[in-house]
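The file work05.txt comes next; it holds compact mmCIF, C-alpha atoms.
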```txt
# COMPACT_ATOMS: atom_id res chain seq x y z
CA MET A 222 39.81 29.32 52.18
CA PHE A 223 43.33 28.29 51.20
CA GLY A 224 42.86 25.08 53.19
CA ILE A 225 39.62 24.31 51.36
CA CYS A 226 41.33 24.78 47.99
CA SER A 227 44.17 22.53 49.10
CA MET A 228 41.66 19.86 50.12
CA LEU A 229 40.30 19.99 46.55
CA ILE A 230 43.58 20.22 44.65
CA LEU A 231 45.74 17.69 46.49
CA PRO A 232 43.28 14.75 46.32
CA CYS A 233 42.70 15.52 42.63
CA LEU A 234 46.44 15.45 41.97
CA TYR A 235 46.79 12.14 43.76
CA LEU A 236 43.82 10.55 42.01
CA LEU A 237 44.98 11.85 38.63
CA TYR A 238 48.38 10.29 39.23
CA ARG A 239 46.76 6.95 40.12
CA GLN A 240 44.54 7.08 37.05
CA LEU A 241 47.44 7.86 34.75
CA ILE A 242 49.60 4.98 35.95
CA GLU A 243 46.84 2.42 36.52
CA ALA A 244 43.25 2.59 35.31
CA LYS A 245 43.48 5.33 32.69
CA SER A 246 39.71 5.83 32.55
CA LYS A 247 39.12 8.80 30.26
CA ILE A 248 35.85 9.60 31.98
CA THR A 249 37.40 9.70 35.46
CA LEU A 250 40.39 11.63 34.15
CA SER A 251 38.09 14.26 32.68
CA PHE A 252 36.18 14.68 35.92
CA LEU A 253 39.39 14.94 37.95
CA ALA A 254 41.04 17.31 35.48
CA GLY A 255 38.02 19.59 35.62
CA ALA A 256 38.01 19.65 39.41
CA LEU A 257 41.77 20.25 39.51
CA CYS A 258 41.59 23.15 37.06
CA PHE A 259 38.77 24.72 39.01
CA GLY A 260 40.69 24.39 42.27
CA ILE A 261 43.88 25.89 40.82
CA PHE A 262 42.17 28.85 39.17
CA PHE A 263 40.02 29.46 42.24
CA LEU A 264 43.18 29.56 44.33
CA LEU A 265 44.81 31.98 41.89
CA SER A 266 41.77 34.24 41.99
CA MET A 267 42.25 34.53 45.76
CA PHE A 268 45.79 35.87 45.30
CA PHE A 269 44.92 38.19 42.43
CA PHE A 270 41.72 39.89 43.59
CA SER A 271 41.70 42.37 40.74
CA PHE A 272 41.63 39.60 38.13
CA HIS A 273 38.17 38.19 38.68
CA TRP A 274 38.19 36.65 35.22
CA ILE A 275 40.67 34.03 36.48
CA TYR A 276 37.84 32.41 38.43
CA GLY A 277 35.74 32.43 35.26
CA ILE A 278 38.44 30.53 33.37
CA GLY A 279 38.46 27.87 36.06
CA ALA A 280 34.69 27.53 35.94
CA ALA A 281 34.76 27.31 32.13
CA LEU A 282 37.43 24.60 32.22
CA LEU A 283 35.45 22.70 34.84
CA ALA A 284 32.33 22.81 32.66
CA GLY A 285 34.31 21.78 29.59
CA PHE A 286 36.03 18.80 31.21
CA TRP A 287 32.86 17.59 32.90
CA GLY A 288 30.85 18.02 29.72
CA TRP A 289 33.44 15.94 27.87
CA ALA A 290 33.24 13.28 30.59
CA VAL A 291 29.47 13.06 30.20
CA TYR A 292 29.86 12.79 26.42
CA LEU A 293 32.38 9.95 26.83
CA ASP A 294 30.10 8.18 29.28
CA ILE A 295 27.11 8.36 26.91
CA ASN A 296 29.19 7.02 24.02
CA GLU A 297 30.52 4.21 26.19
CA LEU A 298 26.99 3.20 27.14
CA LYS A 299 25.95 3.25 23.48
CA GLY A 300 28.94 1.13 22.57
CA LYS A 301 28.10 -1.44 25.23
CA THR A 302 24.49 -1.56 24.05
CA LEU A 303 25.52 -2.09 20.42
CA LEU A 304 28.03 -4.78 21.38
CA LEU A 305 25.46 -6.60 23.47
CA THR A 306 22.93 -6.30 20.65
CA GLU A 307 25.41 -7.88 18.23
CA GLU A 308 25.95 -10.77 20.64
CA LEU A 309 22.21 -11.25 21.03
CA ASN A 310 21.70 -11.01 17.28
CA PHE A 311 24.31 -13.72 16.72
CA LEU A 312 22.63 -15.88 19.34
CA LEU A 313 19.19 -15.45 17.77
CA ARG A 314 20.55 -16.39 14.34
CA SER A 315 22.49 -19.41 15.62
CA GLY A 316 19.59 -21.81 15.19
CA ASN A 317 20.18 -23.17 18.69
CA LYS A 318 16.87 -24.41 20.08
CA ASN A 319 17.86 -23.89 23.71
CA ILE A 320 19.02 -20.29 23.95
CA ARG A 321 16.96 -19.38 27.02
CA PRO A 322 19.84 -19.84 29.55
CA GLU A 323 22.17 -17.63 27.51
CA LEU A 324 19.45 -15.02 27.09
CA ARG A 325 18.87 -15.03 30.84
CA GLN A 326 22.58 -14.48 31.47
CA MET A 327 22.77 -11.58 29.02
CA LEU A 328 19.68 -9.93 30.46
CA GLU A 329 21.13 -10.28 33.95
CA ASN A 330 24.28 -8.53 32.71
CA ILE A 331 22.13 -5.67 31.45
CA GLU A 332 20.49 -5.55 34.87
CA LEU A 333 23.90 -5.26 36.53
CA GLN A 334 24.85 -2.43 34.18
CA SER A 335 21.63 -0.67 35.12
CA GLN A 336 22.52 -0.99 38.83
CA GLY A 337 18.97 -1.93 39.76
CA ASP A 338 17.46 1.20 38.19
CA ILE A 339 14.29 -0.12 36.53
CA HIS A 340 13.88 2.99 34.37
CA HIS A 341 17.41 2.63 33.00
CA TYR A 342 16.87 -1.11 32.53
CA LYS A 343 13.67 -0.50 30.56
CA LEU A 344 15.40 1.99 28.28
CA LYS A 345 18.25 -0.41 27.51
CA ILE A 346 15.86 -3.30 26.84
CA ARG A 347 13.72 -1.08 24.61
CA ASP A 348 16.73 0.00 22.55
CA ILE A 349 18.03 -3.55 22.23
CA LEU A 350 14.64 -4.98 21.19
CA SER A 351 14.22 -2.24 18.59
CA LEU A 352 17.66 -2.98 17.12
CA LEU A 353 17.02 -6.73 17.10
CA THR A 354 13.65 -6.18 15.41
CA SER A 355 15.31 -4.01 12.78
CA ASN A 356 17.95 -6.69 12.18
CA THR A 357 15.25 -9.33 11.80
CA ILE A 358 13.45 -7.17 9.24
CA ASP A 359 16.72 -6.71 7.35
CA ALA A 360 17.12 -10.48 7.33
CA GLY A 361 13.83 -10.73 5.45
CA GLY A 362 11.24 -10.88 8.22
CA ASN A 363 7.75 -9.49 7.79
CA LYS A 364 8.17 -5.78 8.46
CA ARG A 365 4.62 -4.87 9.46
CA GLU A 366 4.16 -7.86 11.72
CA LEU A 367 7.51 -7.40 13.46
CA LEU A 368 7.05 -3.66 14.01
CA ASP A 369 3.56 -4.14 15.43
CA ARG A 370 4.77 -6.83 17.79
CA ASN A 371 7.77 -4.77 18.88
CA GLU A 372 5.52 -1.80 19.60
CA ALA A 373 3.20 -3.96 21.71
CA LYS A 374 6.10 -5.44 23.69
CA ILE A 375 7.63 -2.01 24.34
CA LYS A 376 4.30 -0.74 25.66
CA ALA A 377 4.03 -3.77 27.94
CA ILE A 378 7.58 -3.18 29.19
CA ALA A 379 6.82 0.48 29.89
CA GLN A 380 3.87 -0.59 32.05
CA SER A 381 5.85 -3.23 33.97
CA LYS A 382 6.38 -2.56 37.66
CA ASP A 383 9.49 -4.65 38.33
CA ILE A 384 12.67 -5.81 36.61
CA GLN A 385 11.63 -9.47 36.59
CA SER A 386 8.54 -8.68 34.51
CA VAL A 387 10.65 -6.69 32.06
CA ARG A 388 13.14 -9.55 31.83
CA GLU A 389 10.38 -12.07 31.09
CA LEU A 390 8.87 -9.87 28.38
CA ALA A 391 12.29 -9.31 26.81
CA THR A 392 13.06 -13.04 26.88
CA SER A 393 9.71 -13.84 25.28
CA GLU A 394 10.24 -11.32 22.49
CA MET A 395 13.80 -12.48 21.80
CA LEU A 396 12.67 -16.09 21.55
CA GLU A 397 9.96 -15.06 19.10
CA LEU A 398 12.49 -13.08 17.06
CA SER A 399 14.77 -16.11 16.97
CA GLU A 400 11.89 -18.23 15.70
CA ALA A 401 10.99 -15.59 13.12
CA ILE A 402 14.56 -15.57 11.80
CA GLN A 403 14.65 -19.35 11.52
CA ASN A 404 11.33 -19.37 9.66
CA ILE A 405 12.40 -16.92 6.96
CA PRO A 406 12.27 -18.95 3.71
CA THR A 407 15.62 -19.43 2.00
CA ASN A 408 14.05 -18.49 -1.31
CA ARG A 409 12.43 -15.35 0.08
CA SER A 410 14.79 -13.10 -1.85
CA GLU A 411 13.69 -14.62 -5.16
CA HIS A 412 10.04 -14.07 -4.30
CA LEU A 413 10.85 -10.57 -3.11
CA VAL A 414 12.52 -9.57 -6.38
CA GLU A 415 9.60 -10.93 -8.36
CA LYS A 416 7.13 -9.03 -6.17
CA VAL A 417 9.08 -5.82 -6.74
CA LYS A 418 9.08 -6.36 -10.50
CA ILE A 419 5.36 -7.10 -10.55
CA TYR A 420 4.61 -3.97 -8.55
CA ILE A 421 6.72 -1.85 -10.90
CA ARG A 422 5.04 -3.32 -13.98
CA GLU A 423 1.63 -2.55 -12.49
CA LYS A 424 2.42 0.93 -11.14
CA TYR A 425 5.16 2.23 -13.47
CA HIS A 426 2.88 5.00 -14.75
CA GLU A 427 2.32 6.34 -11.21
CA GLN A 428 4.58 8.32 -8.90
CA PHE A 429 6.09 6.28 -6.07
CA ASP A 430 9.43 5.87 -4.33
CA THR A 431 11.27 2.87 -2.94
CA SER A 432 9.92 3.44 0.57
CA ASP A 433 6.38 2.96 -0.78
CA LEU A 434 7.54 -0.14 -2.61
CA ALA A 435 9.18 -1.58 0.52
CA GLN A 436 5.97 -1.08 2.43
CA GLN A 437 4.03 -2.94 -0.23
CA VAL A 438 6.32 -5.98 -0.06
CA SER A 439 6.62 -5.83 3.77
CA VAL A 440 10.40 -5.58 4.12
CA SER A 441 12.80 -2.81 5.03
CA GLU A 442 13.83 -0.47 2.24
CA SER A 443 17.54 -1.18 2.75
CA TYR A 444 17.02 -4.95 2.59
CA MET A 445 14.86 -4.65 -0.53
CA ARG A 446 17.41 -2.46 -2.31
CA ARG A 447 20.28 -4.75 -1.38
CA LYS A 448 18.52 -7.96 -2.45
CA PHE A 449 17.26 -6.52 -5.71
CA LYS A 450 20.71 -5.24 -6.67
CA LYS A 451 22.32 -8.54 -5.73
CA ASP A 452 19.88 -10.67 -7.73
CA THR A 453 19.38 -8.46 -10.81
CA LYS A 454 22.73 -6.61 -11.00
CA GLN A 455 20.86 -3.31 -11.26
CA THR A 456 19.12 -0.92 -8.90
CA ILE A 457 15.36 -0.69 -8.53
CA ASN A 458 15.39 2.78 -10.09
CA GLN A 459 17.35 1.49 -13.07
CA TYR A 460 14.84 -1.31 -13.58
CA LEU A 461 11.95 1.14 -13.25
CA SER A 462 13.48 3.55 -15.78
CA GLU A 463 14.18 0.79 -18.28
CA TYR A 464 10.65 -0.59 -17.96
CA ARG A 465 9.15 2.87 -18.41
CA ILE A 466 11.24 3.43 -21.54
CA GLU A 467 10.17 0.07 -22.97
CA GLN A 468 6.55 1.08 -22.51
CA ALA A 469 7.31 4.51 -23.95
CA LYS A 470 8.61 2.92 -27.15
CA ILE A 471 5.19 1.39 -27.70
CA LEU A 472 3.30 4.60 -26.97
CA LEU A 473 5.51 6.79 -29.16
CA ALA A 474 4.01 5.13 -32.21
CA THR A 475 0.72 6.91 -31.59
CA MET A 476 1.38 9.65 -28.99
CA SER A 477 3.46 12.80 -28.73
CA VAL A 478 6.68 12.84 -26.74
CA THR A 479 5.13 14.94 -23.97
CA ASP A 480 2.03 12.77 -23.65
CA THR A 481 4.16 9.65 -23.67
CA ALA A 482 6.38 11.04 -20.92
CA PHE A 483 3.44 11.67 -18.62
CA SER A 484 1.80 8.37 -19.52
CA VAL A 485 4.78 6.33 -18.35
CA GLY A 486 5.30 8.15 -15.06
CA PHE A 487 7.60 11.08 -15.86
CA ASN A 488 6.70 14.57 -14.64
CA ASP A 489 9.04 16.34 -17.02
CA ALA A 490 9.23 15.76 -20.77
CA ASN A 491 12.81 17.03 -20.93
CA TYR A 492 13.93 14.63 -18.24
CA PHE A 493 12.07 11.85 -20.03
CA SER A 494 14.00 12.67 -23.21
CA THR A 495 17.29 12.57 -21.29
CA VAL A 496 16.53 9.16 -19.79
CA PHE A 497 15.22 7.84 -23.10
CA LYS A 498 18.40 8.84 -24.92
CA LYS A 499 20.61 7.45 -22.17
CA ILE A 500 18.94 4.04 -22.41
CA THR A 501 18.26 3.76 -26.14
CA GLY A 502 21.02 5.92 -27.58
CA GLN A 503 18.63 8.25 -29.40
CA SER A 504 16.10 10.89 -28.49
CA PRO A 505 12.38 10.03 -28.42
CA THR A 506 11.82 12.40 -31.36
CA HIS A 507 14.37 10.56 -33.50
CA TYR A 508 12.89 7.27 -32.37
CA GLN A 509 9.47 8.45 -33.55
CA GLN A 510 10.94 9.49 -36.89
CA ASP A 511 12.51 6.06 -37.31
CA LEU A 512 9.15 4.46 -36.55
CA THR A 513 7.48 6.63 -39.18
CA ASN A 514 10.17 5.97 -41.80
CA ASN A 515 10.01 2.22 -41.21
CA LYS A 516 6.24 2.33 -41.45
CA PHE A 517 6.29 3.80 -44.95
CA LYS A 518 9.11 1.71 -46.34
```
How would this structure read if it were set down as structure tokens?
Amino acid sequence: MFGICSMLILPCLYLLYRQLIEAKSKITLSFLAGALCFGIFFLLSMFFFSFHWIYGIGAALLAGFWGWAVYLDINELKGKTLLLTEELNFLLRSGNKNIRPELRQMLENIELQSQGDIHHYKLKIRDILSLLTSNTIDAGGNKRELLDRNEAKIKAIAQSKDIQSVRELATSEMLELSEAIQNIPTNRSEHLVEKVKIYIREKYHEQFDTSDLAQQVSVSESYMRRKFKKDTKQTINQYLSEYRIEQAKILLATMSVTDTAFSVGFNDANYFSTVFKKITGQSPTHYQQDLTNNKFK
């Protein structure tokens, strides 16, 4: 038994030494450290029979180090995927008409990383296509159309029987995404902001959130928020509140504060009063009084 432990400990010590002075791979170091700890504590448990818990410590350290190694490996794979996605995204946005050779090279690199495992290859391609689709939507692409197409391509990839078919589907989708990016109108943001304003003016009296609004104008919520703020210097919610208060000013001439609040889309009259005062500098009740006083002057 001592010989078996030595066969575990000594190679681990040697490999750890090599890793520390040469490669310094954290994943490999974690695996080796776990095996070394287990070997040492197992050996100690043989000398101290009454202390069975020593073996348990070794097993716990082994599990901890190996769990950490798996965690590092998963994060490393995610990092590689994100880096590759950024490179692909840059390529798709470049405007280069002949990107097929570079796409082929990148997809072959993904294949090498997958080590010929078609299931792993499909998962990586699926994740990359989803990220690229999301980036295209953020750039102003048609959200519904892009999501539907991405879903169809992912289903086709899942049904593919070989890596070559997956590669061809991925290449086709990436070329289409590149074309979609190039075809996004330069003045799309101006049209988008106007669409948002029109929707708010038509629906201000109803309850809706920005996710509903983004769906109506067929862009991602984050892109819509960012573009609206950039072009108008205010958030969508600020614009909505100001428009509601402008409409409330008209209604307060003939309606009560509570009825006005509900008529312009507020669910709470007190909150309406707070927003009204914040925007106008006076409460809706005082505003009504001013309207009445001015009327009889």
Protein and nucleic acid residues near (3.7, -12.2, -1.8) (cut-off 9 Å, all atoms listed in the file) as a PyMOL selection string: chain A and resi 412-413+415-416+438-439
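Considering the residues A:Thr475, A:Ser484, A:Asp383, A:Gly362 and counting all atoms listed in the file, Asp338 (chain A) has its shortest atom-to-atom contact with A:Asp383.
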Of the candidates A:Asn356, A:Val414, A:Ala373, A:Ile457, which one gets nearest to Ser432 (chain A) if we count all atoms listed in the file? A:Ile457
Write out as a CSV table (one decimal) with C-alpha atoms, in the frame of the given file each polymer residue whose atoms come within 9 Å of region 505-507 of chain A, counting only C-alpha atoms; drop sequence neighbours fewer than 3 positions from it.
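As written to disk, selection.csv reads:
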```
chain,number,residue,atom,x,y,z
A,469,ALA,CA,7.3,4.5,-24.0
A,470,LYS,CA,8.6,2.9,-27.2
A,473,LEU,CA,5.5,6.8,-29.2
A,477,SER,CA,3.5,12.8,-28.7
A,478,VAL,CA,6.7,12.8,-26.7
A,493,PHE,CA,12.1,11.8,-20.0
A,494,SER,CA,14.0,12.7,-23.2
A,497,PHE,CA,15.2,7.8,-23.1
A,498,LYS,CA,18.4,8.8,-24.9
A,501,THR,CA,18.3,3.8,-26.1
A,510,GLN,CA,10.9,9.5,-36.9
A,511,ASP,CA,12.5,6.1,-37.3
A,512,LEU,CA,9.2,4.5,-36.6
```
Using all atoms listed in the file, which protein or nucleic acid residues come within 8 Å of Met395 (chain A)? Drop anything in the same chain fewer than 3 positions from it, and give the result as a PyMOL selection string. chain A and resi 313+350+391-392+398-399
Write the residues of the preceding selection, restricted to C-alpha atoms, as a PDB file, in the frame of the given file.
```pdb
ATOM      1  CA  LEU A 313      19.190 -15.450  17.770  1.00  0.00           C
ATOM      2  CA  LEU A 350      14.640  -4.980  21.190  1.00  0.00           C
ATOM      3  CA  ALA A 391      12.290  -9.310  26.810  1.00  0.00           C
ATOM      4  CA  THR A 392      13.060 -13.040  26.880  1.00  0.00           C
ATOM      5  CA  LEU A 398      12.490 -13.080  17.060  1.00  0.00           C
ATOM      6  CA  SER A 399      14.770 -16.110  16.970  1.00  0.00           C
TER       7      SER A 399
END
```
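Take CA of Ile378 (chain A) and CA of Leu328 (chain A): the distance between them is 13.9 Å.
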Around region 371-382 of chain A, with edges along x, y and z and 4 Å added on all six sides, what centre and edge lengths do you get, in Å to one decimal, as AutoDock Vina command-line options?
```
--center_x 5.5 --center_y -2.5 --center_z 28.3 --size_x 12.6 --size_y 13.9 --size_z 26.8
```
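For the choices A:Leu434, A:Leu324, A:Met445, A:Val440, the atom-to-atom distance to Ser393 (chain A) is smallest for A:Leu324 when using all atoms listed in the file.
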Point-to-point distance in Å for CA of Asn514 (chain A) and CA of Asp489 (chain A): 26.9 Å
Counting only C-alpha atoms, which residue out of A:Arg465, A:Lys448, A:Lys376, A:His426 sits closest to Ile500 (chain A)? A:Arg465
My list of candidates is A:Val485, A:Gln403, A:Ile384, A:Thr354. Which is closest to Leu333 (chain A) when distances are computed with only C-alpha atoms? A:Ile384
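CA of Gly502 (chain A) is positioned 17.8 Å from CA of Leu472 (chain A).
Considering all atoms listed in the file, the residue among A:Ile349, A:Gln326, A:Ala254, A:Lys364 positioned nearest to Ser441 (chain A) is A:Lys364.
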Neighbour residues at most 10 Å from (7.2, 0.0, -10.2) (only C-alpha atoms) as a list in words: Lys416, Val417, Lys418, Ile419, Tyr420, Ile421, Arg422, Glu423, Lys424, Tyr425, His426, Glu427, Gln428, Phe429, Asp430, Thr431, Asp433, Leu434, Ile457, Asn458, Tyr460, Leu461, Ser462, Tyr464, Arg465 and Gly486 of chain A
